[in-house]
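Peer 1: To start, I am sharing the structure in question, which I have written as structure tokens.
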Amino acid sequence: MKKYQSVKIIVNTHKKYWMPHSKMYIPMQVGAALDKDKNGNPIDLGYQKDNEGDNISEKNPLYCELTGLYWAWKNLDADYIGLCHYRRYFGGFRSSRNPKGKILLRKELQPMLGKYRIFLPTKRHYVIESLYSHYQHTHYIEHLYVTRGIISQMYPEYIETYDRVLRRTSGHMFNMMIMDRELLQEYCTWLFNILGELEKKIDVRHMSHFQGRYCGRVSEIIFNVWLEYQIETGRIDRDEVKILPYVYMEKIDWVKKISKFLRAKLFHEKYEV
């Protein structure tokens, strides 16, 4: 069996924040091409920037954390490549009252490399909403209509899976993943081909900055489409997918979160910051 050694996980952030003290994690300043201070000078957080090498940093307002994923895809050389967020990490197998003590360590991940090809966060369950209806109530449903049209033209073999996945009430979200390099290459080629067409077809002028980040949000859903199709066609064995808990670094205001969810469901109030 191949011995897997190198793992790199980018930690996307747009501000200075605590970062794990591990060479496995690469703090990543996303949208660096656009980060300027009041005098127009580039802002340097002291992290790896996503505007170096082959990059799409200037598209961060549309793509969110995916400008970091694109950078990792094009510029990192490792057996496994992953993505997490400054406030949301994969969890390890240790109990701790401090979220910093729960973050996945290299020594916990190492024994699983080679056995699993993809590591994903626990699914998010909407219960009373499907992936389709939740997007419809919180964002602009035309994004999913247009995406379906693009997939039907570029990757028609995925359409049946697309329709089925969007009827589900749960999915792997946040664009968090750790994949072996071969699969990451295949996924990113598929993903960015679709999003490259999507951005040409959606007019953001009537949208808020928050709602304008649609490429990043659509990608959260269609990742599940890509994954399901790989499993259905035997490209990936379901046993090669490992589900890990995720750790949120800050206290969650559940009252506010549930209230927004219900207002979107009942009154169709779009999400905003």
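To be explicit about the labels: the chains of the structure tokens are called A, B, and onward in the order shown, and within each one the residues are counted from 1, while ligands get numbers from 1 in the order they are shown.
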Quick one: residues within 10 Å of Glu160 (chain A), only C-alpha atoms counted, chain neighbours fewer than 5 positions away excluded, as a PDB file with N, CA, C and O atoms, in the first residue's frame?

Peer 2:
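Written out: out22.pdb:
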ATOM      1  N   SER A 152     -26.674  20.384 -17.204  1.00  0.00           N
ATOM      2  CA  SER A 152     -27.334  19.594 -18.252  1.00  0.00           C
ATOM      3  C   SER A 152     -26.605  19.700 -19.583  1.00  0.00           C
ATOM      4  O   SER A 152     -26.631  18.768 -20.399  1.00  0.00           O
ATOM      5  N   VAL A 165     -30.494  14.821  -5.302  1.00  0.00           N
ATOM      6  CA  VAL A 165     -29.793  15.416  -4.155  1.00  0.00           C
ATOM      7  C   VAL A 165     -30.514  16.663  -3.664  1.00  0.00           C
ATOM      8  O   VAL A 165     -30.636  16.886  -2.454  1.00  0.00           O
ATOM      9  N   VAL A 225     -23.703  16.597  -5.088  1.00  0.00           N
ATOM     10  CA  VAL A 225     -24.058  15.986  -6.368  1.00  0.00           C
ATOM     11  C   VAL A 225     -22.849  15.241  -6.932  1.00  0.00           C
ATOM     12  O   VAL A 225     -22.956  14.081  -7.359  1.00  0.00           O
ATOM     13  N   TYR A 229     -22.553  11.088  -7.300  1.00  0.00           N
ATOM     14  CA  TYR A 229     -22.355  10.498  -8.623  1.00  0.00           C
ATOM     15  C   TYR A 229     -21.109   9.614  -8.640  1.00  0.00           C
ATOM     16  O   TYR A 229     -21.108   8.544  -9.257  1.00  0.00           O
TER      17      TYR A 229
END

Peer 1: Residues within 8 Å of Thr169 (chain A), please, as a list in words. Count only C-alpha atoms; anything in the same chain fewer than 6 positions from it doesn't count.

Peer 2: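 Listing them by chain and then by number gives His125, Tyr126, Val127, Ile128, Glu129, Ser130 and Leu131 of chain A.
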
Peer 1: May I have the residues from that selection written out with N, CA and C atoms, as a PDB file, in the first residue's frame?

Peer 2:
ATOM      1  N   HIS A 125     -28.346  18.922   8.798  1.00  0.00           N
ATOM      2  CA  HIS A 125     -29.714  18.462   8.586  1.00  0.00           C
ATOM      3  C   HIS A 125     -30.685  19.633   8.736  1.00  0.00           C
ATOM      4  N   TYR A 126     -31.498  19.844   7.708  1.00  0.00           N
ATOM      5  CA  TYR A 126     -32.479  20.927   7.731  1.00  0.00           C
ATOM      6  C   TYR A 126     -33.853  20.449   8.200  1.00  0.00           C
ATOM      7  N   VAL A 127     -34.087  19.169   8.193  1.00  0.00           N
ATOM      8  CA  VAL A 127     -35.273  18.505   8.741  1.00  0.00           C
ATOM      9  C   VAL A 127     -36.548  18.910   8.011  1.00  0.00           C
ATOM     10  N   ILE A 128     -36.964  20.184   8.167  1.00  0.00           N
ATOM     11  CA  ILE A 128     -38.227  20.623   7.560  1.00  0.00           C
ATOM     12  C   ILE A 128     -38.009  21.313   6.218  1.00  0.00           C
ATOM     13  N   GLU A 129     -36.790  21.300   5.731  1.00  0.00           N
ATOM     14  CA  GLU A 129     -36.462  21.904   4.445  1.00  0.00           C
ATOM     15  C   GLU A 129     -35.631  20.931   3.613  1.00  0.00           C
ATOM     16  N   SER A 130     -35.825  20.953   2.318  1.00  0.00           N
ATOM     17  CA  SER A 130     -34.892  20.266   1.432  1.00  0.00           C
ATOM     18  C   SER A 130     -33.760  21.229   1.093  1.00  0.00           C
ATOM     19  N   LEU A 131     -32.693  20.726   0.483  1.00  0.00           N
ATOM     20  CA  LEU A 131     -31.621  21.613   0.051  1.00  0.00           C
ATOM     21  C   LEU A 131     -32.169  22.657  -0.914  1.00  0.00           C
TER      22      LEU A 131
END

Peer 1: What lies within 7 Å of Gly92 (chain A) using only C-alpha atoms, ignoring chain neighbours under 5 positions off, as a PyMOL selection string?

Peer 2: chain A and resi 102-105+108

Peer 1: Within 9 Å of Trp190 (chain A), counting only C-alpha atoms, which residues show up once you throw out same-chain ones fewer than 4 positions away? Write them as a list in words, please.

Peer 2: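 Result of the neighbour search: Tyr155, Gln185, Glu186, Ile194, Leu195 and Trp226 of chain A.
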
Peer 1: Report as JSON lines the residues of region 64-157 of chain A within 7 Å of region 42-55 of chain A, each with its shortest atom pair and distance in Å (one decimal), using only C-alpha atoms, ordered by chain and increasing residue number.

Peer 2:
{"residue": "A:Thr67", "atom": "CA", "partner": "A:Asp50", "partner_atom": "CA", "distance": 6.7}
{"residue": "A:Gly68", "atom": "CA", "partner": "A:Asp50", "partner_atom": "CA", "distance": 5.8}
{"residue": "A:Tyr70", "atom": "CA", "partner": "A:Asn55", "partner_atom": "CA", "distance": 6.6}
{"residue": "A:Trp71", "atom": "CA", "partner": "A:Asn55", "partner_atom": "CA", "distance": 5.4}
{"residue": "A:Lys74", "atom": "CA", "partner": "A:Asp54", "partner_atom": "CA", "distance": 6.1}
{"residue": "A:Asn75", "atom": "CA", "partner": "A:Gly53", "partner_atom": "CA", "distance": 6.8}

Peer 1: DSSP on the backbone: which residues in region 8-176 of chain A end up as strand (DSSP E)? Give the answer as a PyMOL selection string.

Peer 2: chain A and resi 8-13+25-29+48-49+80-85+88-90+118-121+124-125+170-171

Peer 1: With distances taken over only C-alpha atoms, which of A:Arg217, A:Lys100, A:His172, A:Lys107 is nearest to Leu120 (chain A)?

Peer 2: A:His172

Peer 1: Identify, on the basis of only C-alpha atoms, every residue whose closest approach to Tyr162 (chain A) does not exceed 12 Å; exclude the query and any residue fewer than 4 positions from it along the same chain; express the result as a ChimeraX atom specification.

Peer 2: /A:131-132,144-145,147-152,155-158,166-168,218,221-229

Peer 1: How about saving the chosen residues, N, CA and C atoms kept, as an mmCIF file, in the first residue's frame?

Peer 2:
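Written file, part.cif:
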data_model
loop_
_atom_site.group_PDB
_atom_site.id
_atom_site.type_symbol
_atom_site.label_atom_id
_atom_site.label_comp_id
_atom_site.auth_asym_id
_atom_site.auth_seq_id
_atom_site.Cartn_x
_atom_site.Cartn_y
_atom_site.Cartn_z
ATOM 1 N N LEU A 131 -32.693 20.726 0.483
ATOM 2 C CA LEU A 131 -31.621 21.613 0.051
ATOM 3 C C LEU A 131 -32.169 22.657 -0.914
ATOM 4 N N TYR A 132 -33.100 22.227 -1.761
ATOM 5 C CA TYR A 132 -33.706 23.138 -2.733
ATOM 6 C C TYR A 132 -34.533 24.211 -2.036
ATOM 7 N N LEU A 144 -29.927 28.137 -8.667
ATOM 8 C CA LEU A 144 -29.996 26.686 -8.845
ATOM 9 C C LEU A 144 -30.606 26.316 -10.188
ATOM 10 N N TYR A 145 -31.548 27.110 -10.691
ATOM 11 C CA TYR A 145 -32.090 26.865 -12.038
ATOM 12 C C TYR A 145 -30.988 26.969 -13.087
ATOM 13 N N THR A 147 -27.753 26.841 -12.617
ATOM 14 C CA THR A 147 -26.757 25.793 -12.411
ATOM 15 C C THR A 147 -27.203 24.482 -13.041
ATOM 16 N N ARG A 148 -28.475 24.160 -12.879
ATOM 17 C CA ARG A 148 -28.990 22.920 -13.480
ATOM 18 C C ARG A 148 -28.848 22.960 -15.002
ATOM 19 N N GLY A 149 -29.143 24.111 -15.587
ATOM 20 C CA GLY A 149 -29.015 24.238 -17.030
ATOM 21 C C GLY A 149 -27.576 24.050 -17.496
ATOM 22 N N ILE A 150 -26.636 24.593 -16.734
ATOM 23 C CA ILE A 150 -25.220 24.457 -17.084
ATOM 24 C C ILE A 150 -24.779 22.999 -16.990
ATOM 25 N N ILE A 151 -25.186 22.336 -15.910
ATOM 26 C CA ILE A 151 -24.810 20.931 -15.737
ATOM 27 C C ILE A 151 -25.432 20.075 -16.835
ATOM 28 N N SER A 152 -26.674 20.384 -17.204
ATOM 29 C CA SER A 152 -27.334 19.594 -18.252
ATOM 30 C C SER A 152 -26.605 19.700 -19.583
ATOM 31 N N TYR A 155 -22.353 18.490 -18.239
ATOM 32 C CA TYR A 155 -22.228 17.174 -17.611
ATOM 33 C C TYR A 155 -23.617 16.543 -17.473
ATOM 34 N N PRO A 156 -24.281 16.236 -18.583
ATOM 35 C CA PRO A 156 -25.674 15.755 -18.537
ATOM 36 C C PRO A 156 -25.844 14.476 -17.727
ATOM 37 N N GLU A 157 -24.792 13.681 -17.595
ATOM 38 C CA GLU A 157 -24.886 12.435 -16.834
ATOM 39 C C GLU A 157 -25.143 12.690 -15.347
ATOM 40 N N TYR A 158 -24.938 13.931 -14.898
ATOM 41 C CA TYR A 158 -25.134 14.270 -13.490
ATOM 42 C C TYR A 158 -26.553 14.754 -13.167
ATOM 43 N N LEU A 166 -31.019 17.487 -4.558
ATOM 44 C CA LEU A 166 -31.682 18.721 -4.135
ATOM 45 C C LEU A 166 -32.998 18.470 -3.412
ATOM 46 N N ARG A 167 -33.537 17.275 -3.528
ATOM 47 C CA ARG A 167 -34.754 16.944 -2.779
ATOM 48 C C ARG A 167 -34.449 16.466 -1.366
ATOM 49 N N ARG A 168 -33.197 16.250 -1.073
ATOM 50 C CA ARG A 168 -32.820 15.753 0.252
ATOM 51 C C ARG A 168 -32.839 16.867 1.294
ATOM 52 N N VAL A 218 -23.625 27.898 -4.012
ATOM 53 C CA VAL A 218 -24.037 26.843 -4.940
ATOM 54 C C VAL A 218 -23.077 25.664 -4.848
ATOM 55 N N ILE A 221 -23.785 22.928 -2.325
ATOM 56 C CA ILE A 221 -24.817 21.968 -2.702
ATOM 57 C C ILE A 221 -24.315 21.003 -3.761
ATOM 58 N N ILE A 222 -23.688 21.530 -4.801
ATOM 59 C CA ILE A 222 -23.329 20.635 -5.892
ATOM 60 C C ILE A 222 -22.134 19.749 -5.554
ATOM 61 N N PHE A 223 -21.397 20.051 -4.488
ATOM 62 C CA PHE A 223 -20.402 19.086 -4.039
ATOM 63 C C PHE A 223 -21.078 17.761 -3.737
ATOM 64 N N ASN A 224 -22.245 17.817 -3.104
ATOM 65 C CA ASN A 224 -22.980 16.600 -2.775
ATOM 66 C C ASN A 224 -23.413 15.853 -4.030
ATOM 67 N N VAL A 225 -23.703 16.597 -5.088
ATOM 68 C CA VAL A 225 -24.058 15.986 -6.368
ATOM 69 C C VAL A 225 -22.849 15.241 -6.932
ATOM 70 N N TRP A 226 -21.712 15.911 -6.947
ATOM 71 C CA TRP A 226 -20.490 15.289 -7.462
ATOM 72 C C TRP A 226 -20.147 14.029 -6.674
ATOM 73 N N LEU A 227 -20.182 14.132 -5.346
ATOM 74 C CA LEU A 227 -19.833 12.997 -4.494
ATOM 75 C C LEU A 227 -20.771 11.824 -4.731
ATOM 76 N N GLU A 228 -22.069 12.085 -4.759
ATOM 77 C CA GLU A 228 -23.038 11.011 -4.936
ATOM 78 C C GLU A 228 -22.853 10.317 -6.280
ATOM 79 N N TYR A 229 -22.553 11.088 -7.300
ATOM 80 C CA TYR A 229 -22.355 10.498 -8.623
ATOM 81 C C TYR A 229 -21.109 9.614 -8.640
#

Peer 1: Residues of region 64-83 of chain A within 12 Å of region 18-24 of chain A: nearest atom pair and distance (Å, one decimal) for each, counting only C-alpha atoms, sorted by chain and number, as JSON lines?

Peer 2:
{"residue": "A:Ala78", "atom": "CA", "partner": "A:Met24", "partner_atom": "CA", "distance": 10.3}
{"residue": "A:Asp79", "atom": "CA", "partner": "A:Met24", "partner_atom": "CA", "distance": 11.8}
{"residue": "A:Tyr80", "atom": "CA", "partner": "A:Met24", "partner_atom": "CA", "distance": 10.2}
{"residue": "A:Ile81", "atom": "CA", "partner": "A:Met24", "partner_atom": "CA", "distance": 9.6}
{"residue": "A:Gly82", "atom": "CA", "partner": "A:Met24", "partner_atom": "CA", "distance": 9.7}
{"residue": "A:Leu83", "atom": "CA", "partner": "A:Met24", "partner_atom": "CA", "distance": 11.1}

Peer 1: Just the residues within 6 Å of Val241 (chain A), please, counting only C-alpha atoms, with nothing from its chain fewer than 6 positions along; format it as a list in words.

Peer 2: Tyr116, Ile118 and Phe119 of chain A

Peer 1: Those selected residues, please, written with N, CA, C and O atoms and delivered as a PDB file, in the first residue's frame.

Peer 2:
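Wrote it out as again.pdb, contents follow:
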ATOM      1  N   TYR A 116      -8.885   5.925   3.540  1.00  0.00           N
ATOM      2  CA  TYR A 116      -9.965   6.799   3.090  1.00  0.00           C
ATOM      3  C   TYR A 116      -9.428   7.790   2.066  1.00  0.00           C
ATOM      4  O   TYR A 116      -8.309   8.289   2.198  1.00  0.00           O
ATOM      5  N   ILE A 118     -11.518  10.476   0.977  1.00  0.00           N
ATOM      6  CA  ILE A 118     -12.183  11.753   1.249  1.00  0.00           C
ATOM      7  C   ILE A 118     -12.577  11.810   2.718  1.00  0.00           C
ATOM      8  O   ILE A 118     -13.121  10.844   3.256  1.00  0.00           O
ATOM      9  N   PHE A 119     -12.319  12.948   3.345  1.00  0.00           N
ATOM     10  CA  PHE A 119     -12.779  13.227   4.705  1.00  0.00           C
ATOM     11  C   PHE A 119     -13.739  14.402   4.632  1.00  0.00           C
ATOM     12  O   PHE A 119     -13.415  15.435   4.035  1.00  0.00           O
TER      13      PHE A 119
END

Peer 1: Which residue, A:Leu244, A:Val146, A:Ile252, A:Leu69, has the smallest gap to Lys201 (chain A) when you use only C-alpha atoms?

Peer 2: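 Looking only at the distances to Lys201 (chain A), the closest residue turns out to be A:Val146.
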
Peer 1: Tell me which of A:Ile56, A:His85, A:Gln5, A:Thr13 sits closest to Arg106 (chain A), counting only C-alpha atoms.

Peer 2: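 Of all the options, A:Gln5 lies closest to Arg106 (chain A).
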
Peer 1: Hey, which of A:Phe93, A:Leu62, A:Tyr246, A:Asp77 ends up closest to Ser6 (chain A)? Count only C-alpha atoms.

Peer 2: A:Asp77

Peer 1: Go through A:Asn98, A:Ser219, A:Thr161, A:Ser208 one by one, measure the shortest atom-to-atom distance of each to Glu232 (chain A) using only C-alpha atoms, and give the residue with the smallest value.

Peer 2: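 Residue with the minimum atom-to-atom distance to Glu232 (chain A): A:Thr161.
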
Peer 1: Per DSSP on the backbone, what are the alpha helix (DSSP H) residues of region 181-238 of chain A, as a ChimeraX atom specification?

Peer 2: /A:181-201,214-232

Peer 1: Would you mind telling me which residue in A:Cys215, A:Ile26, A:Cys84, A:Met207 lies nearest to Pro121 (chain A) when using only C-alpha atoms?

Peer 2: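 Looking at the shortest contact to Pro121 (chain A), the residue is A:Cys84.
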
Peer 1: Quick one: pull the distance between CA of Pro99 (chain A) and CA of Glu250 (chain A), Å, one decimal.

Peer 2: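 CA of Pro99 (chain A) sits 8.2 Å away from CA of Glu250 (chain A).
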
Peer 1: Residues within 10 Å of His209 (chain A), please, as a PDB file with N, CA and C atoms, in the first residue's frame. Count only C-alpha atoms; anything in the same chain fewer than 5 positions from it doesn't count.

Peer 2:
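File written: part_20.pdb
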ATOM      1  N   PRO A  61     -15.419  37.946  -3.861  1.00  0.00           N
ATOM      2  CA  PRO A  61     -16.799  38.343  -3.532  1.00  0.00           C
ATOM      3  C   PRO A  61     -17.856  37.392  -4.076  1.00  0.00           C
ATOM      4  N   LEU A  62     -17.542  36.660  -5.154  1.00  0.00           N
ATOM      5  CA  LEU A  62     -18.460  35.667  -5.712  1.00  0.00           C
ATOM      6  C   LEU A  62     -18.197  34.271  -5.161  1.00  0.00           C
ATOM      7  N   VAL A 204     -25.434  40.338 -10.577  1.00  0.00           N
ATOM      8  CA  VAL A 204     -25.359  40.587  -9.131  1.00  0.00           C
ATOM      9  C   VAL A 204     -25.719  42.030  -8.763  1.00  0.00           C
ATOM     10  N   TYR A 214     -22.830  33.944  -4.343  1.00  0.00           N
ATOM     11  CA  TYR A 214     -23.622  32.776  -4.747  1.00  0.00           C
ATOM     12  C   TYR A 214     -22.787  31.613  -5.263  1.00  0.00           C
ATOM     13  N   GLU A 272     -29.140  37.655   5.412  1.00  0.00           N
ATOM     14  CA  GLU A 272     -28.156  38.730   5.300  1.00  0.00           C
ATOM     15  C   GLU A 272     -27.238  38.603   6.502  1.00  0.00           C
ATOM     16  N   VAL A 273     -26.137  39.326   6.493  1.00  0.00           N
ATOM     17  CA  VAL A 273     -25.185  39.249   7.597  1.00  0.00           C
ATOM     18  C   VAL A 273     -25.873  39.661   8.888  1.00  0.00           C
TER      19      VAL A 273
END
